[in-house]
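Contents: one structure, followed by commentary.
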Amino acid sequence: MVTGGQVHDSQVVEEILNTPRSPLAVTADKAYDSEKVRQQIKDEGALPIIPSRYTALKKAYCPKRIYRRRHKIENFFCRIKDWRRIATRYDKLARNYLAATTLIGALDQVVSPDPNVPE
(Lines give C-alpha, C1' and ligand atoms only; values in the text may rest on other atoms or scores of the structure.)
Protein backbone atom coordinates (compact mmCIF):
# COMPACT_ATOMS: atom_id res chain seq x y z
CA MET A 1 0.00 0.00 0.00
CA VAL A 2 1.35 3.40 -0.95
CA THR A 3 0.05 6.46 0.85
CA GLY A 4 0.63 10.14 0.26
CA GLY A 5 3.63 11.81 1.83
CA GLN A 6 1.43 13.78 4.23
CA VAL A 7 -0.42 10.69 5.54
CA HIS A 8 1.01 8.93 8.60
CA ASP A 9 0.92 5.16 8.32
CA SER A 10 -0.93 4.80 11.62
CA GLN A 11 -4.00 6.33 9.93
CA VAL A 12 -4.25 3.38 7.51
CA VAL A 13 -3.50 0.53 9.93
CA GLU A 14 -6.98 -0.92 9.47
CA GLU A 15 -6.50 -1.12 5.69
CA ILE A 16 -3.05 -2.65 6.08
CA LEU A 17 -4.38 -5.33 8.42
CA ASN A 18 -7.18 -6.18 6.00
CA THR A 19 -5.58 -9.35 4.62
CA PRO A 20 -7.05 -12.76 3.72
CA ARG A 21 -5.19 -14.43 6.60
CA SER A 22 -4.80 -12.61 9.88
CA PRO A 23 -1.18 -12.26 11.03
CA LEU A 24 0.16 -13.90 14.18
CA ALA A 25 2.03 -10.76 15.17
CA VAL A 26 2.49 -7.22 13.87
CA THR A 27 5.81 -5.49 14.46
CA ALA A 28 6.07 -1.70 14.30
CA ASP A 29 8.20 1.09 15.70
CA LYS A 30 7.38 3.56 18.46
CA ALA A 31 5.47 5.84 16.09
CA TYR A 32 2.62 3.32 16.24
CA ASP A 33 2.47 3.31 20.03
CA SER A 34 -1.18 4.16 20.63
CA GLU A 35 -4.06 2.28 22.20
CA LYS A 36 -6.11 2.62 19.00
CA VAL A 37 -3.43 0.92 16.87
CA ARG A 38 -2.81 -1.78 19.48
CA GLN A 39 -6.53 -2.49 19.74
CA GLN A 40 -6.91 -2.75 15.94
CA ILE A 41 -4.09 -5.30 15.87
CA LYS A 42 -5.61 -7.28 18.76
CA ASP A 43 -9.02 -7.22 17.03
CA GLU A 44 -7.38 -9.02 14.10
CA GLY A 45 -6.19 -11.70 16.50
CA ALA A 46 -2.52 -10.71 16.31
CA LEU A 47 0.02 -9.82 18.96
CA PRO A 48 1.17 -6.18 18.71
CA ILE A 49 4.96 -6.01 18.98
CA ILE A 50 5.40 -2.28 19.42
CA PRO A 51 7.76 -0.80 22.00
CA SER A 52 6.36 1.92 24.22
CA ARG A 53 7.54 5.49 23.91
CA TYR A 54 9.85 6.54 26.68
CA THR A 55 7.20 9.02 27.89
CA ALA A 56 4.51 6.35 28.26
CA LEU A 57 3.15 6.02 31.78
CA LYS A 58 2.15 2.39 31.28
CA LYS A 59 4.69 0.32 29.36
CA ALA A 60 3.19 -2.19 26.94
CA TYR A 61 4.44 -5.74 26.51
CA CYS A 62 6.98 -6.02 23.70
CA PRO A 63 9.05 -9.20 23.34
CA LYS A 64 12.57 -8.02 22.53
CA ARG A 65 13.55 -11.30 20.84
CA ILE A 66 10.91 -10.83 18.14
CA TYR A 67 11.33 -7.06 17.84
CA ARG A 68 15.06 -7.43 17.10
CA ARG A 69 14.23 -9.16 13.82
CA ARG A 70 12.69 -5.93 12.54
CA HIS A 71 16.14 -4.69 11.53
CA LYS A 72 16.01 -6.92 8.43
CA ILE A 73 13.10 -4.91 7.09
CA GLU A 74 14.80 -1.62 7.97
CA ASN A 75 17.96 -2.80 6.19
CA PHE A 76 15.90 -3.63 3.09
CA PHE A 77 14.46 -0.11 2.99
CA CYS A 78 17.96 1.34 3.34
CA ARG A 79 19.13 -0.75 0.38
CA ILE A 80 16.24 0.22 -1.90
CA LYS A 81 16.88 3.89 -1.14
CA ASP A 82 20.19 3.44 -2.93
CA TRP A 83 18.08 3.48 -6.09
CA ARG A 84 17.62 7.16 -6.88
CA ARG A 85 14.20 6.64 -8.46
CA ILE A 86 12.85 5.25 -5.17
CA ALA A 87 14.62 7.68 -2.83
CA THR A 88 13.29 10.75 -4.66
CA ARG A 89 9.96 9.23 -5.79
CA TYR A 90 10.10 10.36 -9.43
CA ASP A 91 6.97 8.39 -10.27
CA LYS A 92 3.76 10.38 -10.15
CA LEU A 93 1.46 7.35 -10.02
CA ALA A 94 1.38 5.09 -6.98
CA ARG A 95 1.14 1.96 -9.16
CA ASN A 96 4.39 2.85 -10.96
CA TYR A 97 6.16 3.51 -7.67
CA LEU A 98 4.86 0.23 -6.23
CA ALA A 99 5.96 -1.63 -9.36
CA ALA A 100 9.46 -0.13 -9.11
CA THR A 101 9.80 -1.06 -5.43
CA THR A 102 8.61 -4.60 -6.20
CA LEU A 103 11.13 -4.97 -9.00
CA ILE A 104 13.95 -3.65 -6.81
CA GLY A 105 12.88 -5.98 -4.01
CA ALA A 106 13.09 -8.96 -6.38
CA LEU A 107 16.50 -7.84 -7.64
CA ASP A 108 17.69 -7.43 -4.07
CA GLN A 109 16.74 -11.03 -3.31
CA VAL A 110 18.62 -12.28 -6.36
CA VAL A 111 21.73 -10.18 -5.80
CA SER A 112 22.02 -10.59 -2.04
CA PRO A 113 20.43 -13.88 -0.93
CA ASP A 114 19.89 -14.74 2.73
CA PRO A 115 23.28 -15.61 4.26
CA ASN A 116 21.63 -18.14 6.59
CA VAL A 117 20.49 -20.36 3.71
CA PRO A 118 23.18 -22.76 2.45
CA GLU A 119 23.71 -22.84 -1.30
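Labels used: A, B, ... for chains in the order of the C-alpha coordinates, numbers from 1 for residues in each chain, and numbers from 1 for ligands as shown.
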
Find the spatial neighbours of Ala99 (chain A), counting only C-alpha atoms, within a cut-off of 12 Å - ignore same-chain residues fewer than 5 positions away - and output them as a short mmCIF file (atom, residue, chain, number, x, y, z; two decimals) with N, CA and C atoms, in the first residue's frame.
data_model
loop_
_atom_site.label_atom_id
_atom_site.label_comp_id
_atom_site.auth_asym_id
_atom_site.auth_seq_id
_atom_site.Cartn_x
_atom_site.Cartn_y
_atom_site.Cartn_z
N MET A 1 0.84 -1.16 0.00
CA MET A 1 0.00 0.00 0.00
C MET A 1 0.90 1.24 0.00
N VAL A 2 0.61 2.15 -0.86
CA VAL A 2 1.35 3.40 -0.95
C VAL A 2 0.41 4.53 -0.55
N ARG A 85 15.61 6.53 -8.08
CA ARG A 85 14.20 6.64 -8.46
C ARG A 85 13.28 6.43 -7.25
N ILE A 86 13.67 5.53 -6.35
CA ILE A 86 12.85 5.25 -5.17
C ILE A 86 13.06 6.34 -4.11
N ASP A 91 8.23 8.82 -9.69
CA ASP A 91 6.97 8.39 -10.27
C ASP A 91 5.80 9.18 -9.71
N LEU A 93 2.54 8.28 -10.34
CA LEU A 93 1.46 7.35 -10.02
C LEU A 93 1.92 6.34 -8.98
N ALA A 94 1.04 6.04 -8.04
CA ALA A 94 1.38 5.09 -6.98
C ALA A 94 1.66 3.71 -7.55
N ILE A 104 12.70 -3.80 -7.56
CA ILE A 104 13.95 -3.65 -6.81
C ILE A 104 14.02 -4.67 -5.68
N GLY A 105 12.90 -4.96 -5.05
CA GLY A 105 12.88 -5.98 -4.01
C GLY A 105 13.25 -7.35 -4.56
N ALA A 106 12.75 -7.67 -5.75
CA ALA A 106 13.09 -8.96 -6.38
C ALA A 106 14.57 -8.99 -6.75
#

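All residues of protein, DNA or RNA that reach within 9 Å of region 7-18 of chain A, judged by only C-alpha atoms and not counting those fewer than 4 positions away in the chain, are Met1, Thr3, Ser22, Pro23, Val26, Ala31, Tyr32, Val37, Gln40, Ile41 and Glu44 of chain A.
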
Would you output that residue set with N, CA and C atoms, as a CSV table (one decimal), in the first residue's frame?
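result.csv, written as the output of this step:
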chain,number,residue,atom,x,y,z
A,1,MET,N,0.8,-1.2,0.0
A,1,MET,CA,0.0,0.0,0.0
A,1,MET,C,0.9,1.2,0.0
A,3,THR,N,0.9,5.3,0.4
A,3,THR,CA,0.0,6.5,0.9
A,3,THR,C,0.7,7.8,0.5
A,22,SER,N,-5.2,-13.5,8.8
A,22,SER,CA,-4.8,-12.6,9.9
A,22,SER,C,-3.4,-13.0,10.3
A,23,PRO,N,-2.6,-12.0,10.6
A,23,PRO,CA,-1.2,-12.3,11.0
A,23,PRO,C,-1.1,-12.8,12.5
A,26,VAL,N,2.2,-8.4,14.7
A,26,VAL,CA,2.5,-7.2,13.9
A,26,VAL,C,3.6,-6.4,14.6
A,31,ALA,N,6.4,4.9,16.7
A,31,ALA,CA,5.5,5.8,16.1
A,31,ALA,C,4.0,5.3,16.1
A,32,TYR,N,3.9,4.0,16.2
A,32,TYR,CA,2.6,3.3,16.2
A,32,TYR,C,2.1,3.0,17.6
A,37,VAL,N,-4.2,1.8,17.8
A,37,VAL,CA,-3.4,0.9,16.9
A,37,VAL,C,-3.3,-0.5,17.5
A,40,GLN,N,-6.6,-2.3,17.3
A,40,GLN,CA,-6.9,-2.7,15.9
A,40,GLN,C,-6.1,-4.0,15.6
A,41,ILE,N,-4.9,-4.1,16.1
A,41,ILE,CA,-4.1,-5.3,15.9
A,41,ILE,C,-4.7,-6.5,16.7
A,44,GLU,N,-7.7,-8.1,15.2
A,44,GLU,CA,-7.4,-9.0,14.1
A,44,GLU,C,-6.9,-10.4,14.6

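Among the candidate residues A:Ala87, A:Ala25, A:Pro63, A:Tyr97, the one lying nearest to Pro48 (chain A) is A:Ala25, with distances computed using only C-alpha atoms.
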
Next item on the list: For Ser34 (chain A), work out the shell of residues within 10 Å, counting only C-alpha atoms and skipping chain neighbours fewer than 3 positions away, then give it as a ChimeraX atom specification.
Entry: /A:10,30-31,37-39,50,52-53,56,60

Go ahead and dump the residues you just picked, N, CA and C atoms, as an mmCIF file, in the first residue's frame.
data_model
loop_
_atom_site.group_PDB
_atom_site.id
_atom_site.type_symbol
_atom_site.label_atom_id
_atom_site.label_comp_id
_atom_site.auth_asym_id
_atom_site.auth_seq_id
_atom_site.Cartn_x
_atom_site.Cartn_y
_atom_site.Cartn_z
ATOM 1 N N SER A 10 -0.022 5.247 10.569
ATOM 2 C CA SER A 10 -0.933 4.805 11.621
ATOM 3 C C SER A 10 -2.392 5.108 11.276
ATOM 4 N N LYS A 30 8.036 2.778 17.410
ATOM 5 C CA LYS A 30 7.379 3.561 18.458
ATOM 6 C C LYS A 30 6.356 4.556 17.932
ATOM 7 N N ALA A 31 6.434 4.899 16.667
ATOM 8 C CA ALA A 31 5.470 5.841 16.093
ATOM 9 C C ALA A 31 4.044 5.282 16.125
ATOM 10 N N VAL A 37 -4.165 1.821 17.768
ATOM 11 C CA VAL A 37 -3.433 0.917 16.870
ATOM 12 C C VAL A 37 -3.307 -0.456 17.509
ATOM 13 N N ARG A 38 -2.936 -0.492 18.785
ATOM 14 C CA ARG A 38 -2.805 -1.782 19.477
ATOM 15 C C ARG A 38 -4.125 -2.540 19.474
ATOM 16 N N GLN A 39 -5.226 -1.833 19.705
ATOM 17 C CA GLN A 39 -6.528 -2.491 19.736
ATOM 18 C C GLN A 39 -6.914 -3.019 18.355
ATOM 19 N N ILE A 50 5.091 -3.701 19.576
ATOM 20 C CA ILE A 50 5.397 -2.279 19.415
ATOM 21 C C ILE A 50 5.973 -1.785 20.736
ATOM 22 N N SER A 52 6.980 0.704 23.706
ATOM 23 C CA SER A 52 6.358 1.923 24.224
ATOM 24 C C SER A 52 7.301 3.100 24.071
ATOM 25 N N ARG A 53 6.726 4.270 23.919
ATOM 26 C CA ARG A 53 7.544 5.485 23.914
ATOM 27 C C ARG A 53 8.123 5.671 25.310
ATOM 28 N N ALA A 56 5.734 7.079 27.911
ATOM 29 C CA ALA A 56 4.510 6.349 28.257
ATOM 30 C C ALA A 56 4.466 6.055 29.752
ATOM 31 N N ALA A 60 3.874 -1.050 27.551
ATOM 32 C CA ALA A 60 3.193 -2.187 26.936
ATOM 33 C C ALA A 60 4.166 -3.347 26.767
#

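Compared by their closest atoms to Tyr67 (chain A), and using only C-alpha atoms, the residues A:Pro20, A:Gln6, A:Ile49, A:Leu107 rank with A:Ile49 nearest.
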
Margin query: I need the residues of chain A that end up classed as alpha helix (DSSP H) by DSSP on the backbone, written out as a PyMOL selection string.
Written below: chain A and resi 13-17+35-43+64-67+71-80+84-88+94-111

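Restricting the calculation to only C-alpha atoms, the smallest distance between Thr102 (chain A) and any of A:Tyr90, A:Phe77, A:Glu35, A:Lys72 is found for A:Phe77.
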
Check: When DSSP works through the backbone of this structure, what residues of chain A end up as strand (DSSP E), shown as number ranges by chain?
Finding: A: 25-27, 47-49

Note to self: Nearest residue to Arg89 (chain A) out of A:Thr19, A:Leu47, A:Thr101, A:Tyr54, using only C-alpha atoms?
What the structure shows: A:Thr101
